[in-house]
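S.K.: See entry.cif below, with mmCIF, C-alpha atoms.
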data_start
loop_
_atom_site.group_PDB
_atom_site.id
_atom_site.type_symbol
_atom_site.label_atom_id
_atom_site.label_comp_id
_atom_site.auth_asym_id
_atom_site.auth_seq_id
_atom_site.Cartn_x
_atom_site.Cartn_y
_atom_site.Cartn_z
ATOM 1 C CA MET N 159 -6.999 55.472 58.231
ATOM 2 C CA SER N 160 -9.226 53.818 55.647
ATOM 3 C CA HIS N 161 -12.991 53.983 56.189
ATOM 4 C CA GLU N 162 -13.448 50.522 54.743
ATOM 5 C CA PHE N 163 -14.655 48.071 57.393
ATOM 6 C CA THR N 164 -15.850 44.487 57.579
ATOM 7 C CA THR N 165 -19.016 44.418 59.671
ATOM 8 C CA LEU N 166 -19.929 41.193 61.463
ATOM 9 C CA ALA N 167 -23.204 40.713 63.334
ATOM 10 C CA ALA N 168 -22.547 39.105 66.722
ATOM 11 C CA SER N 169 -26.026 37.571 66.774
ATOM 12 C CA SER N 170 -25.124 35.177 63.943
ATOM 13 C CA MET N 171 -21.581 34.477 65.135
ATOM 14 C CA ASP N 172 -20.450 31.135 66.552
ATOM 15 C CA THR N 173 -18.581 30.927 69.856
ATOM 16 C CA ALA N 174 -15.185 30.153 68.325
ATOM 17 C CA THR N 175 -15.344 33.192 66.030
ATOM 18 C CA ALA N 176 -16.389 35.553 68.827
ATOM 19 C CA TYR N 177 -13.591 34.211 71.034
ATOM 20 C CA ARG N 178 -10.993 34.618 68.277
ATOM 21 C CA LEU N 179 -12.081 38.209 67.555
ATOM 22 C CA LEU N 180 -12.152 39.311 71.192
ATOM 23 C CA CYS N 181 -8.747 37.770 71.936
ATOM 24 C CA GLY N 182 -7.262 39.598 68.966
ATOM 25 C CA ILE N 183 -8.932 42.923 69.743
ATOM 26 C CA VAL N 184 -8.738 43.236 73.527
ATOM 27 C CA VAL N 185 -4.954 43.351 73.861
ATOM 28 C CA PRO N 186 -2.661 43.325 75.669
ATOM 29 C CA ARG N 187 -4.331 41.372 78.482
ATOM 30 C CA PRO N 188 -2.642 40.884 81.880
ATOM 31 C CA ILE N 189 -2.302 37.275 82.982
ATOM 32 C CA ALA N 190 -3.519 35.927 86.303
ATOM 33 C CA TRP N 191 -1.423 32.850 87.091
ATOM 34 C CA ILE N 192 -3.807 31.349 89.617
ATOM 35 C CA THR N 193 -3.066 28.773 92.261
ATOM 36 C CA SER N 194 -5.969 27.001 93.927
ATOM 37 C CA VAL N 195 -6.494 23.832 95.957
ATOM 38 C CA SER N 196 -8.975 21.027 95.280
ATOM 39 C CA GLU N 197 -11.068 19.306 97.940
ATOM 40 C CA ALA N 198 -8.533 16.474 97.784
ATOM 41 C CA GLY N 199 -5.708 18.916 98.543
ATOM 42 C CA ILE N 200 -4.222 18.974 95.037
ATOM 43 C CA VAL N 201 -2.576 22.282 94.114
ATOM 44 C CA ASN N 202 -3.702 23.564 90.716
ATOM 45 C CA ALA N 203 -1.803 26.247 88.792
ATOM 46 C CA ALA N 204 -3.206 27.749 85.594
ATOM 47 C CA PRO N 205 -3.045 31.065 83.681
ATOM 48 C CA PHE N 206 -6.049 33.185 82.706
ATOM 49 C CA SER N 207 -5.911 36.352 80.620
ATOM 50 C CA SER N 208 -9.498 37.576 80.975
ATOM 51 C CA TYR N 209 -8.477 39.312 84.184
ATOM 52 C CA ASN N 210 -8.081 42.723 85.811
ATOM 53 C CA TYR N 211 -8.509 44.642 89.038
ATOM 54 C CA VAL N 212 -12.034 45.957 89.598
ATOM 55 C CA ALA N 213 -11.920 47.814 92.936
ATOM 56 C CA HIS N 214 -9.337 49.379 95.228
ATOM 57 C CA SER N 215 -11.261 49.938 98.477
ATOM 58 C CA PRO N 216 -11.070 47.106 99.365
ATOM 59 C CA PRO N 217 -8.711 45.849 96.650
ATOM 60 C CA MET N 218 -10.522 43.367 94.412
ATOM 61 C CA LEU N 219 -9.579 41.345 91.336
ATOM 62 C CA ALA N 220 -11.830 39.680 88.778
ATOM 63 C CA VAL N 221 -11.096 36.776 86.490
ATOM 64 C CA ASN N 222 -13.410 35.333 83.856
ATOM 65 C CA ILE N 223 -13.155 31.560 83.437
ATOM 66 C CA GLY N 224 -14.971 29.791 80.640
ATOM 67 C CA SER N 225 -16.355 26.281 80.973
ATOM 68 C CA ARG N 226 -15.031 23.445 78.837
ATOM 69 C CA GLY N 227 -17.331 20.767 77.452
ATOM 70 C CA GLY N 228 -20.113 21.967 79.717
ATOM 71 C CA ALA N 229 -18.013 21.453 82.868
ATOM 72 C CA LEU N 230 -16.125 23.857 85.108
ATOM 73 C CA LYS N 231 -12.359 24.004 84.698
ATOM 74 C CA ASP N 232 -10.310 22.805 87.673
ATOM 75 C CA THR N 233 -9.494 26.349 88.817
ATOM 76 C CA ALA N 234 -13.127 27.466 88.685
ATOM 77 C CA ARG N 235 -14.294 24.402 90.577
ATOM 78 C CA ASN N 236 -11.607 24.874 93.236
ATOM 79 C CA ILE N 237 -12.475 28.549 93.676
ATOM 80 C CA GLU N 238 -16.174 27.812 94.049
ATOM 81 C CA LYS N 239 -15.555 25.004 96.546
ATOM 82 C CA GLY N 240 -12.719 26.510 98.576
ATOM 83 C CA ARG N 241 -13.584 30.200 98.056
ATOM 84 C CA GLU N 242 -9.885 31.102 98.038
ATOM 85 C CA PHE N 243 -7.164 31.529 95.417
ATOM 86 C CA VAL N 244 -3.854 33.278 94.789
ATOM 87 C CA VAL N 245 -3.054 35.433 91.766
ATOM 88 C CA ASN N 246 0.635 35.260 90.887
ATOM 89 C CA VAL N 247 2.049 37.736 88.375
ATOM 90 C CA ALA N 248 3.299 36.184 85.145
ATOM 91 C CA THR N 249 6.619 37.638 83.991
ATOM 92 C CA VAL N 250 9.182 37.276 81.242
ATOM 93 C CA GLY N 251 11.259 35.206 83.648
ATOM 94 C CA ASN N 252 8.538 32.679 84.443
ATOM 95 C CA MET N 253 6.694 32.766 81.103
ATOM 96 C CA GLU N 254 7.843 29.340 79.877
ATOM 97 C CA THR N 255 6.736 27.595 83.067
ATOM 98 C CA MET N 256 3.508 29.585 83.207
ATOM 99 C CA HIS N 257 2.732 28.623 79.611
ATOM 100 C CA LYS N 258 3.288 24.942 80.358
ATOM 101 C CA THR N 259 0.631 25.100 83.087
ATOM 102 C CA SER N 260 -1.936 26.045 80.430
ATOM 103 C CA ALA N 261 -1.868 22.452 79.142
ATOM 104 C CA GLU N 262 -4.759 20.154 80.039
ATOM 105 C CA PHE N 263 -3.711 18.238 83.138
ATOM 106 C CA ALA N 264 -6.046 15.678 84.706
ATOM 107 C CA PRO N 265 -7.939 16.953 87.784
ATOM 108 C CA ASP N 266 -5.966 14.627 90.051
ATOM 109 C CA VAL N 267 -2.603 15.908 88.771
ATOM 110 C CA SER N 268 -0.930 18.969 90.277
ATOM 111 C CA GLU N 269 0.699 21.177 87.661
ATOM 112 C CA ALA N 270 3.038 22.491 90.349
ATOM 113 C CA GLU N 271 4.221 19.007 91.230
ATOM 114 C CA ALA N 272 4.411 17.789 87.641
ATOM 115 C CA LEU N 273 6.490 20.776 86.536
ATOM 116 C CA GLY N 274 8.574 21.140 89.696
ATOM 117 C CA ILE N 275 7.224 24.595 90.557
ATOM 118 C CA GLU N 276 8.415 25.795 93.966
ATOM 119 C CA LEU N 277 5.554 26.911 96.211
ATOM 120 C CA LEU N 278 5.430 29.151 99.267
ATOM 121 C CA PRO N 279 2.807 29.016 102.033
ATOM 122 C CA SER N 280 0.208 31.763 102.030
ATOM 123 C CA HIS N 281 -0.633 33.725 105.169
ATOM 124 C CA GLN N 282 -4.424 34.038 105.048
ATOM 125 C CA VAL N 283 -5.626 31.500 102.479
ATOM 126 C CA LYS N 284 -5.035 27.804 101.869
ATOM 127 C CA PRO N 285 -3.718 27.898 98.259
ATOM 128 C CA PRO N 286 0.061 28.424 98.153
ATOM 129 C CA ARG N 287 1.995 31.070 96.255
ATOM 130 C CA ILE N 288 4.346 30.544 93.308
ATOM 131 C CA ALA N 289 7.879 31.362 94.434
ATOM 132 C CA MET N 290 9.161 32.426 91.007
ATOM 133 C CA SER N 291 6.560 35.192 90.763
ATOM 134 C CA PRO N 292 7.725 38.582 92.145
ATOM 135 C CA VAL N 293 4.183 39.527 93.193
ATOM 136 C CA GLN N 294 1.517 37.270 94.684
ATOM 137 C CA MET N 295 -1.957 38.302 95.855
ATOM 138 C CA GLU N 296 -3.943 36.161 98.263
ATOM 139 C CA CYS N 297 -7.664 36.381 97.498
ATOM 140 C CA LYS N 298 -10.925 35.357 99.134
ATOM 141 C CA LEU N 299 -13.930 34.893 96.868
ATOM 142 C CA SER N 300 -16.431 37.752 97.083
ATOM 143 C CA GLN N 301 -18.841 37.211 94.186
ATOM 144 C CA VAL N 302 -19.609 34.705 91.445
ATOM 145 C CA VAL N 303 -21.325 36.179 88.389
ATOM 146 C CA ARG N 304 -22.563 33.910 85.593
ATOM 147 C CA LEU N 305 -22.073 35.524 82.183
ATOM 148 C CA GLY N 306 -23.817 34.347 79.035
ATOM 149 C CA ARG N 307 -23.778 30.640 78.232
ATOM 150 C CA LEU N 308 -20.179 29.624 78.983
ATOM 151 C CA ASN N 309 -18.457 32.140 81.248
ATOM 152 C CA THR N 310 -18.284 32.911 84.948
ATOM 153 C CA LEU N 311 -16.708 35.977 86.560
ATOM 154 C CA TYR N 312 -14.999 35.344 89.888
ATOM 155 C CA ILE N 313 -14.407 38.458 91.990
ATOM 156 C CA GLY N 314 -11.937 38.067 94.814
ATOM 157 C CA GLU N 315 -10.938 40.438 97.584
ATOM 158 C CA VAL N 316 -7.180 40.727 97.996
ATOM 159 C CA VAL N 317 -6.417 40.026 101.650
ATOM 160 C CA ALA N 318 -2.615 40.022 101.371
ATOM 161 C CA PHE N 319 -0.008 41.293 98.908
ATOM 162 C CA HIS N 320 3.444 39.685 98.725
ATOM 163 C CA LEU N 321 5.930 41.979 96.969
ATOM 164 C CA SER N 322 9.521 41.065 96.149
ATOM 165 C CA SER N 323 12.151 43.604 97.177
ATOM 166 C CA GLU N 324 13.404 43.355 93.597
ATOM 167 C CA VAL N 325 10.295 45.185 92.331
ATOM 168 C CA TYR N 326 8.941 47.038 95.406
ATOM 169 C CA ASP N 327 10.657 49.989 97.114
ATOM 170 C CA GLY N 328 8.279 50.289 100.048
ATOM 171 C CA ARG N 329 5.831 52.538 98.197
ATOM 172 C CA HIS N 330 5.737 51.727 94.487
ATOM 173 C CA VAL N 331 5.926 48.606 92.361
ATOM 174 C CA ASP N 332 8.407 49.071 89.516
ATOM 175 C CA SER N 333 6.555 47.659 86.517
ATOM 176 C CA VAL N 334 9.689 47.723 84.359
ATOM 177 C CA LYS N 335 11.669 45.618 86.845
ATOM 178 C CA MET N 336 8.679 43.304 87.306
ATOM 179 C CA GLN N 337 8.698 42.529 83.546
ATOM 180 C CA PRO N 338 5.083 41.360 83.260
ATOM 181 C CA VAL N 339 3.973 39.438 80.204
ATOM 182 C CA ALA N 340 0.616 39.979 78.521
ATOM 183 C CA ARG N 341 -1.516 37.830 76.258
ATOM 184 C CA LEU N 342 -2.267 38.694 72.645
ATOM 185 C CA GLY N 343 -4.423 36.806 70.152
ATOM 186 C CA GLY N 344 -3.558 33.267 69.082
ATOM 187 C CA PRO N 345 -0.274 31.798 70.379
ATOM 188 C CA TYR N 346 1.340 35.166 71.125
ATOM 189 C CA TYR N 347 2.549 36.874 74.293
ATOM 190 C CA ALA N 348 4.032 40.361 74.698
ATOM 191 C CA ALA N 349 6.349 42.223 77.061
ATOM 192 C CA LEU N 350 5.980 45.885 78.015
ATOM 193 C CA GLY N 351 7.734 47.304 74.963
ATOM 194 C CA GLU N 352 8.008 51.088 74.607
ATOM 195 C CA ILE N 353 6.802 53.090 77.620
ATOM 196 C CA PHE N 354 5.282 56.571 77.272
ATOM 197 C CA LEU N 355 5.485 59.193 80.026
ATOM 198 C CA ARG N 356 2.588 61.615 80.508
ATOM 199 C CA PRO N 357 1.723 63.754 83.566
ATOM 200 C CA VAL N 358 -0.960 62.431 85.888
ATOM 201 C CA LEU N 359 -4.109 64.540 85.329
ATOM 202 C CA GLN N 360 -6.291 63.128 88.096
ATOM 203 C CA THR N 361 -5.907 62.966 91.856
ATOM 204 C CA PRO N 362 -5.318 59.412 93.122
ATOM 205 C CA PRO N 363 -8.379 57.952 94.916
ATOM 206 C CA THR N 364 -8.587 58.477 98.683
ATOM 207 C CA GLU N 365 -11.151 57.918 101.418
ATOM 208 C CA LYS N 366 -13.106 61.017 102.493
#
Can you dump the structure from the file as structure tokens?
M.R.:
Amino acid sequence: MSHEFTTLAASSMDTATAYRLLCGIVVPRPIAWITSVSEAGIVNAAPFSSYNYVAHSPPMLAVNIGSRGGALKDTARNIEKGREFVVNVATVGNMETMHKTSAEFAPDVSEAEALGIELLPSHQVKPPRIAMSPVQMECKLSQVVRLGRLNTLYIGEVVAFHLSSEVYDGRHVDSVKMQPVARLGGPYYAALGEIFLRPVLQTPPTEK
């Protein structure tokens, strides 16, 4: 590999440049297709790729949502008000519909209704689940962490997992059968691609 690098100082970088660099570098990123409910009862569905799991005892997920024009996005506002949300897994099979929900819909318009997305009732939270997703995780808000000037990290505790029999055998989730899609930089998505097998070198976490 060449030792020639372009060095950019973050302190003199504008927001758009930093965003473009991070989205191109931190890849692939899993996608949280989040459903939430407004105070008026409108179901919002939107994808976010600054997302991951952050704890397993109890299971917790975190999603970073940036503000737009100085205001919270619909999903962020709904999470802060209702303190509940559902993370639905985005897959190759539902990618086109998921992508359409990334468009800017008015706050009083439900993406699910506008796009004809079938919803299922949740068991422990108010926001519904997306039927076409093979895995849905009901979450209750645990922490809100403000980051920098534009971003907020929402940490939710998973209170219920819903796992399709097509991808879950009673013990393991088959990632290949699930066919998750990931976000790359710019307008690009990616599927799993080549998979590499290596022996597990650490003991899985357990309670003492």
S.K.: I'd like to see the residues matched by the PyMOL selection byres ((chain N and resi 277) around 9) on this file, and ideally I'd get them as a VMD selection string.
M.R.: chain N and resid 270 275 to 276 278 to 279 286 to 290
S.K.: Contacts of stretch 351-362 of chain N at 12 Å or less, counting all atoms listed in the file, minus same-chain residues fewer than 2 places along, as a list of chain:residue names?
M.R.: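 Listing them by chain and then by number gives N:Pro186, N:His214, N:Val250, N:Ser333, N:Val334, N:Gln337, N:Pro338, N:Val339, N:Ala340, N:Tyr347, N:Ala348, N:Ala349, N:Thr364, N:Glu365.
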S.K.: What would the selection look like, as a VMD selection string, if the PyMOL selection byres ((chain N and resi 306) around 12) were run on the coordinates I just shared?
M.R.: chain N and resid 173 222 to 225 303 to 305 307 to 311
S.K.: Using all atoms listed in the file, which of the listed residues (N:Asn236, N:Ser260, N:Asn252, N:Ser268) sits closest to N:Glu197?
M.R.: N:Asn236
S.K.: Show me, as a ChimeraX atom specification, the residues that have an atom within 8 Å of N:Leu299 when counting all atoms listed in the file, minus same-chain residues fewer than 4 positions from it.
M.R.: /N:237-238,241-243,312-315
S.K.: Residues proximal to (0.8, 36.2, 82.7) were defined as those with any atom within 9 Å of that point in the file's coordinates, counting all atoms listed in the file. Which are they, as a PyMOL selection string?
M.R.: chain N and resi 187-191+205-207+246-250+252-253+256-257+338-341+347
S.K.: Extending 8 Å beyond the listed atoms of stretch 171-180 of chain N on each side, what axis-aligned box results? I want centre and edge lengths in Å to one decimal, as JSON.
M.R.:
{"center_x": -16.3, "center_y": 34.7, "center_z": 68.2, "size_x": 26.6, "size_y": 25.2, "size_z": 22.1}
S.K.: Quick one: pull the distance between atom CA of N:Glu296 and atom CA of N:Ser194, Å, one decimal.
M.R.: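 Distance reported for this atom pair: 10.3 Å.
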S.K.: Could you jot down the atom CA of N:Ile200 to atom CA of N:Asp232 separation for me, Å, one decimal place?
M.R.: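 Atom-to-atom, atom CA of N:Ile200 and atom CA of N:Asp232 are spaced 10.3 Å apart.
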S.K.: Suppose a student applies the PyMOL selection byres ((chain N and resi 344) around 8) to this structure; what residues should they get, written as a PyMOL selection string?
M.R.: chain N and resi 178+181-182+342-343+345-346
S.K.: For atom CA of N:Asn202 and atom CA of N:Phe263, quote the distance in Å rounded to one decimal.
M.R.: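 Computed distance, atom CA of N:Asn202 to atom CA of N:Phe263, equals 9.3 Å.
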S.K.: Determine, counting all atoms listed in the file, which protein, DNA and RNA residues have an atom within 9 Å of an atom of N:Val293; residues of the same chain fewer than 6 positions away are not included. Present the result as a PyMOL selection string.
M.R.: chain N and resi 245-248+319-322+325+336
S.K.: Write the residues you've just listed into a file as a PDB file, in the coordinates of the input, and include C-alpha atoms for each of them.
M.R.:
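Dumped to part-v3.pdb:
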ATOM      1  CA  VAL N 245      -3.054  35.433  91.766  1.00  0.00           C
ATOM      2  CA  ASN N 246       0.635  35.260  90.887  1.00  0.00           C
ATOM      3  CA  VAL N 247       2.049  37.736  88.375  1.00  0.00           C
ATOM      4  CA  ALA N 248       3.299  36.184  85.145  1.00  0.00           C
ATOM      5  CA  PHE N 319      -0.008  41.293  98.908  1.00  0.00           C
ATOM      6  CA  HIS N 320       3.444  39.685  98.725  1.00  0.00           C
ATOM      7  CA  LEU N 321       5.930  41.979  96.969  1.00  0.00           C
ATOM      8  CA  SER N 322       9.521  41.065  96.149  1.00  0.00           C
ATOM      9  CA  VAL N 325      10.295  45.185  92.331  1.00  0.00           C
ATOM     10  CA  MET N 336       8.679  43.304  87.306  1.00  0.00           C
TER      11      MET N 336
END
S.K.: Pick the closest to N:Met218 from N:Leu273, N:Pro285, N:Lys298, N:His330: which is it, counting all atoms listed in the file?
M.R.: N:Lys298
S.K.: Name the closest residue to N:Ser291 among the candidates N:Leu350, N:Glu262, N:Ile192, N:Gly240; distances are taken between atoms, counting all atoms listed in the file.
M.R.: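 The shortest atom-to-atom distance to N:Ser291 comes from N:Ile192.
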S.K.: Could you pull out every residue with an atom within 8 Å of (-4.4, 18.2, 91.6), file coordinates, counting all atoms listed in the file, and send them as JSON, numbers by chain?
M.R.: {"N": [195, 196, 198, 199, 200, 201, 202, 264, 265, 266, 267, 268, 269]}
